[in-house]
Amino acid sequence: MDEIRLRQILDAYGARPERWPEAERAAARALLASSPAARAAQADAARLDALLDAAPAPPAPPAELAARIVAAARPRARVVSLRRAAAVVVPLAAAAGLVLWLQHRAPSPGRASAADLALAARLDDVATPSDDLLDTSDAWAADTTPTWGCATGELGCPDLPTATGRQSRRTTERIPV
Amino acid sequence: MDDHDDELIGRAGAGDTEAFERLVRRHLGRIVAFAGRTLGDAAAAEDVAQEVFLRLWTGASRWRPTGARLSTWLHTVALNLCRDRIAKRREAPLDDVPDPPDPAPAPEARLATQAIGASVQAALADLPEAQRVAITLCHFQGMRNQEAAEVMNVSVEALESLLARARRGLRTRLAAVAPELLGGT
């Protein structure tokens with residue numbers, strides 16, 4: 001630290017080392033120990049410190065102020081508690097209302113099952129575009145199933161072609177008797 | 001003490017008024033003193049202190065012990081409230097503004113210690129607000145420079161500049177009152 005920086009510290013923080021920036025305190029003390037000019041600057045700062053210390057201390061707060069503050073805090077505590085309670089109760093009430101409303105509007109399980117069954121029955125009758133193409137070309141998906149390595153009747157293996165030609169479970173079902 | 005503050009804040013946040021009261025009694029004097037020096041008005045300082053602690057009470061449940069000192073937070077809130085009041089004073093009609101302290105050189109009789117104190121107080125009151133707050137925090141409240149800078153929301157360098165200008169201004173004003181005490185002629 002040089003004397004310029006020490007003067008800056010004294011000008012800003014005064015003469016007492018405990019008020020100086022902690023990181024620079026040791027260097028400032030070392031410079032003071034070796035420099036009469038630095039000590040003169042410190043003494044000058046100490047005179048202003050002494051004048052500042054002569055300023056009257058602000059009056060102590062009246063004894064009842066703390067009690068007054070605590071008394072004023074209590075009503076706020078009730079407001080805060082109500083707000084906290086509302087923050088929990090309102091969303092719960094809204095959720096409960098939503099559940100009741102949905103239950104009221106939703107079809108009963110019995111009716112839902114009947115509707116689903118009817119829909120499923122209709123879907124079962126619908127031929128997909130793939131079915132139509134296969135119908136016109138007389139080609140069946142089972143034809144593409146590899147048969148190599150399969151023995152007749154083995155689980156997962158299609159039935160091998162018979163003398164009448166290609167077969168699949170679907171063709172068997174669809175051939176008119 | 002600060003760890004203890006955190007514990008008390010935690011209890012106050014859960015609605016423990018006894019813990020809150022202990023915090024109030026521990027810090028009230030310093031906050032009233034700070035607001036008093038900043039505003040130069042004891043009654044207004046008490047009002048500010050009351051609002052500071054009520055804000056602590058309502059915000060205690062959100063307090064997180066992240067290393068911040070309660071003292072710093074209290075001073076920051078107090079400073080903001082003081083600034084609001086100072087701004088309102090500026091907007092108020094002149095009739096409502098209290099007479100400023102007389103910075104004129106005092107007669108011989110006022111060179112007693114009490115009179116010097118009054119002159120120092122007047123010189124402090126005459127400083128620009130930011131300089132007055134800086135010297136109040138560092139000299140009278142005994143805050144470290146980093147903490148004072150945090151309260152004022154300025155850099156440490158800016159704080160140092162404010163302090164140096166404040167002390168220079170005080171020296172100039174007080175040289176007229178008590179030159180011998182400042183080493184003058």
# chains A, B, ... in the order shown; residues from 1 in each chain; ligands from 1
>>> interface_residues(of="chain B", to="chain A", cutoff="8 Å", atoms="only C-alpha atoms", output="PyMOL selection string")
chain B and resi 15+17+20-21+24-25+28-29+32-33+36-37+42+46+50+53-54+57-58+113-114+116-121+138-139+142+144-145+160-165+167-168+171+181-183
>>> residues_around(residues="A:Arg7", least_positions_apart="5", cutoff="9 Å", atoms="only C-alpha atoms", output="PyMOL selection string")
chain A and resi 2+12+38+41-42
>>> closest_residue(among="B:Glu7, B:Ala166, B:Arg69, B:Arg89", to="B:Pro128", atoms="only C-alpha atoms")
B:Ala166
>>> residues_around(residues="B:Leu81", least_positions_apart="5", cutoff="9 Å", atoms="only C-alpha atoms", output="VMD selection string")
chain B and resid 35 48 51 to 52 76 86
>>> write_last_selection(atoms="N, CA, C and O atoms", output="short mmCIF file (atom, residue, chain, number, x, y, z; two decimals), in the first residue's frame")
data_model
loop_
_atom_site.label_atom_id
_atom_site.label_comp_id
_atom_site.auth_asym_id
_atom_site.auth_seq_id
_atom_site.Cartn_x
_atom_site.Cartn_y
_atom_site.Cartn_z
N ALA B 35 -32.88 5.48 11.20
CA ALA B 35 -33.94 6.27 10.58
C ALA B 35 -33.93 7.70 11.14
O ALA B 35 -34.17 8.67 10.42
N VAL B 48 -41.17 4.74 10.83
CA VAL B 48 -40.41 3.93 9.86
C VAL B 48 -40.03 2.59 10.48
O VAL B 48 -40.20 1.53 9.88
N GLU B 51 -42.90 0.19 10.63
CA GLU B 51 -43.23 -0.40 9.33
C GLU B 51 -42.18 -1.44 8.93
O GLU B 51 -42.51 -2.48 8.36
N VAL B 52 -40.92 -1.15 9.24
CA VAL B 52 -39.85 -2.11 8.93
C VAL B 52 -40.13 -3.46 9.60
O VAL B 52 -40.07 -4.52 8.97
N THR B 76 -31.88 -1.93 4.90
CA THR B 76 -32.28 -1.68 3.51
C THR B 76 -33.74 -1.23 3.44
O THR B 76 -34.07 -0.26 2.76
N ILE B 86 -38.59 11.26 2.50
CA ILE B 86 -37.84 12.44 2.07
C ILE B 86 -38.41 12.96 0.75
O ILE B 86 -38.56 14.18 0.55
#
>>> select_by_dssp(residues="stretch 123-165 of chain B", states="alpha helix (DSSP H)", output="JSON, numbers by chain")
{"B": [123, 124, 125, 126, 129, 130, 131, 132, 133, 134, 135, 145, 146, 147, 148, 149, 150, 151, 152, 156, 157, 158, 159, 160, 161, 162, 163, 164, 165]}
>>> decode(residues="stretch 11-28 of chain A", atoms="C-alpha atoms", output="compact mmCIF listing (two decimals), in the first residue's frame")
# COMPACT_ATOMS: atom_id res chain seq x y z
CA ASP A 11 -10.59 10.25 4.00
CA ALA A 12 -13.40 7.75 3.56
CA TYR A 13 -13.44 5.65 6.70
CA GLY A 14 -11.70 7.81 9.28
CA ALA A 15 -8.85 7.05 11.64
CA ARG A 16 -9.99 3.85 13.33
CA PRO A 17 -8.58 0.67 11.79
CA GLU A 18 -11.70 -1.35 12.63
CA ARG A 19 -13.60 0.79 10.11
CA TRP A 20 -11.12 0.24 7.29
CA PRO A 21 -11.62 -2.38 4.59
CA GLU A 22 -10.59 -5.64 6.16
CA ALA A 23 -8.42 -6.74 3.26
CA GLU A 24 -6.30 -3.57 3.47
CA ARG A 25 -6.09 -3.19 7.21
CA ALA A 26 -2.79 -4.97 7.78
CA ALA A 27 -1.00 -3.12 4.98
CA ALA A 28 -2.35 0.21 6.22
